$ cat input16.pdb   # PDB, C-alpha atoms, pLDDT in the B column
ATOM      1  CA  MET A   1      10.615 -29.985   0.552  1.00 54.00           C
ATOM      2  CA  ASP A   2       7.843 -32.289  -0.593  1.00 58.00           C
ATOM      3  CA  SER A   3       4.522 -31.113  -2.005  1.00 63.00           C
ATOM      4  CA  SER A   4       2.578 -32.058   1.144  1.00 66.00           C
ATOM      5  CA  ALA A   5       4.622 -29.530   3.157  1.00 65.00           C
ATOM      6  CA  LEU A   6       3.681 -26.829   0.657  1.00 67.00           C
ATOM      7  CA  GLN A   7      -0.001 -27.635   1.173  1.00 79.00           C
ATOM      8  CA  SER A   8       0.094 -27.529   4.980  1.00 85.00           C
ATOM      9  CA  PRO A   9      -2.137 -24.959   6.701  1.00 87.00           C
ATOM     10  CA  GLU A  10       0.904 -23.355   8.339  1.00 89.00           C
ATOM     11  CA  MET A  11       2.634 -22.896   4.985  1.00 88.00           C
ATOM     12  CA  GLN A  12      -0.534 -21.523   3.396  1.00 89.00           C
ATOM     13  CA  ARG A  13      -0.958 -19.052   6.278  1.00 90.00           C
ATOM     14  CA  PHE A  14       2.697 -18.000   5.986  1.00 91.00           C
ATOM     15  CA  LEU A  15       2.395 -17.491   2.228  1.00 91.00           C
ATOM     16  CA  SER A  16      -0.800 -15.487   2.690  1.00 89.00           C
ATOM     17  CA  GLN A  17       0.868 -13.233   5.277  1.00 91.00           C
ATOM     18  CA  GLU A  18       3.878 -12.691   3.031  1.00 93.00           C
ATOM     19  CA  LYS A  19       1.604 -11.823   0.110  1.00 91.00           C
ATOM     20  CA  GLU A  20      -0.230  -9.270   2.266  1.00 88.00           C
ATOM     21  CA  LYS A  21       3.077  -7.728   3.368  1.00 90.00           C
ATOM     22  CA  ALA A  22       4.198  -7.453  -0.255  1.00 92.00           C
ATOM     23  CA  MET A  23       0.907  -5.785  -1.215  1.00 86.00           C
ATOM     24  CA  VAL A  24       1.240  -3.251   1.625  1.00 84.00           C
ATOM     25  CA  ASN A  25       4.832  -2.485   0.630  1.00 89.00           C
ATOM     26  CA  GLU A  26       3.767  -2.012  -2.985  1.00 91.00           C
ATOM     27  CA  MET A  27       0.937   0.313  -1.952  1.00 85.00           C
ATOM     28  CA  VAL A  28       3.270   2.412   0.205  1.00 87.00           C
ATOM     29  CA  ALA A  29       5.768   2.693  -2.653  1.00 91.00           C
ATOM     30  CA  LYS A  30       3.061   3.780  -5.108  1.00 89.00           C
ATOM     31  CA  LEU A  31       1.580   6.211  -2.597  1.00 88.00           C
ATOM     32  CA  THR A  32       5.008   7.715  -1.954  1.00 89.00           C
ATOM     33  CA  ASN A  33       5.742   8.166  -5.665  1.00 92.00           C
ATOM     34  CA  VAL A  34       2.345   9.601  -6.550  1.00 92.00           C
ATOM     35  CA  CYS A  35       2.125  12.001  -3.613  1.00 93.00           C
ATOM     36  CA  TRP A  36       5.766  13.082  -3.844  1.00 93.00           C
ATOM     37  CA  ASP A  37       5.390  13.961  -7.524  1.00 93.00           C
ATOM     38  CA  LYS A  38       2.153  15.831  -6.846  1.00 93.00           C
ATOM     39  CA  CYS A  39       3.118  17.733  -3.699  1.00 94.00           C
ATOM     40  CA  ILE A  40       6.865  18.391  -3.792  1.00 91.00           C
ATOM     41  CA  THR A  41       7.376  20.827  -6.631  1.00 85.00           C
ATOM     42  CA  SER A  42      10.731  22.299  -5.657  1.00 85.00           C
ATOM     43  CA  THR A  43      13.957  20.984  -4.206  1.00 86.00           C
ATOM     44  CA  PRO A  44      13.125  19.787  -0.696  1.00 80.00           C
ATOM     45  CA  GLY A  45      14.899  21.395   2.217  1.00 84.00           C
ATOM     46  CA  SER A  46      15.422  19.984   5.680  1.00 89.00           C
ATOM     47  CA  LYS A  47      11.667  20.250   6.382  1.00 91.00           C
ATOM     48  CA  PHE A  48       8.502  20.269   4.306  1.00 91.00           C
ATOM     49  CA  SER A  49       6.614  23.549   4.085  1.00 91.00           C
ATOM     50  CA  SER A  50       3.167  23.652   5.667  1.00 93.00           C
ATOM     51  CA  SER A  51       1.525  23.491   2.237  1.00 94.00           C
ATOM     52  CA  GLU A  52       3.671  20.494   1.252  1.00 94.00           C
ATOM     53  CA  SER A  53       2.813  18.723   4.509  1.00 94.00           C
ATOM     54  CA  ALA A  54      -0.895  19.377   4.049  1.00 96.00           C
ATOM     55  CA  CYS A  55      -0.749  18.228   0.422  1.00 96.00           C
ATOM     56  CA  LEU A  56       1.111  15.026   1.355  1.00 94.00           C
ATOM     57  CA  SER A  57      -1.356  14.264   4.127  1.00 94.00           C
ATOM     58  CA  ASN A  58      -4.404  14.868   1.923  1.00 96.00           C
ATOM     59  CA  CYS A  59      -2.893  12.912  -0.968  1.00 95.00           C
ATOM     60  CA  ALA A  60      -2.065   9.920   1.234  1.00 92.00           C
ATOM     61  CA  GLN A  61      -5.541   9.931   2.792  1.00 94.00           C
ATOM     62  CA  ARG A  62      -7.270  10.087  -0.592  1.00 93.00           C
ATOM     63  CA  TYR A  63      -5.038   7.328  -1.963  1.00 88.00           C
ATOM     64  CA  LEU A  64      -5.830   5.063   0.990  1.00 87.00           C
ATOM     65  CA  ASP A  65      -9.552   5.857   0.779  1.00 91.00           C
ATOM     66  CA  MET A  66      -9.634   4.964  -2.910  1.00 89.00           C
ATOM     67  CA  SER A  67      -7.655   1.792  -2.309  1.00 85.00           C
ATOM     68  CA  MET A  68     -10.206   0.720   0.313  1.00 88.00           C
ATOM     69  CA  ILE A  69     -13.127   1.481  -2.026  1.00 91.00           C
ATOM     70  CA  ILE A  70     -11.535  -0.539  -4.822  1.00 88.00           C
ATOM     71  CA  MET A  71     -10.719  -3.425  -2.490  1.00 84.00           C
ATOM     72  CA  LYS A  72     -14.310  -3.522  -1.175  1.00 88.00           C
ATOM     73  CA  ARG A  73     -15.684  -3.544  -4.724  1.00 87.00           C
ATOM     74  CA  PHE A  74     -13.467  -6.483  -5.672  1.00 82.00           C
ATOM     75  CA  GLN A  75     -14.510  -8.379  -2.537  1.00 84.00           C
ATOM     76  CA  SER A  76     -18.201  -7.851  -3.260  1.00 84.00           C
ATOM     77  CA  GLN A  77     -17.957  -9.293  -6.772  1.00 77.00           C
TER      78      GLN A  77
END
$ encode --input "input16.pdb" --output "structure tokens"
Amino acid sequence: MDSSALQSPEMQRFLSQEKEKAMVNEMVAKLTNVCWDKCITSTPGSKFSSSESACLSNCAQRYLDMSMIIMKRFQSQ
């Protein structure tokens, strides 16, 4: 592949989309690790308890909210 193909708008758009997908996957992995460690304190059974479910939901929401705040701050700079 020559360098002009790498600079094409289609290639740039594809690379941008792939980068965004990778960032989303990384965020989900971090969110899962952080919230799991915080909310699941015993050996999990076949279902989460109501307190575990509530904790996971709150943790995920707070993590996403903070990620959005940080992203907006970076964009405004």
$ resolve_selection --input "input16.pdb" --expression "the PyMOL selection byres ((chain A and resi 29-41) around 9)" --output "ChimeraX atom specification"
/A:24-28,42-44,48,51-57,59-60,63-64
$ atom_distance --input "input16.pdb" --atom1 "atom CA of A:Met23" --atom2 "atom CA of A:Ile70"
14.0 Å
$ atom_distance --input "input16.pdb" --atom1 "atom CA of A:Met66" --atom2 "atom CA of A:Leu15"
26.0 Å
$ atom_distance --input "input16.pdb" --atom1 "atom CA of A:Ile69" --atom2 "atom CA of A:Met11"
29.9 Å
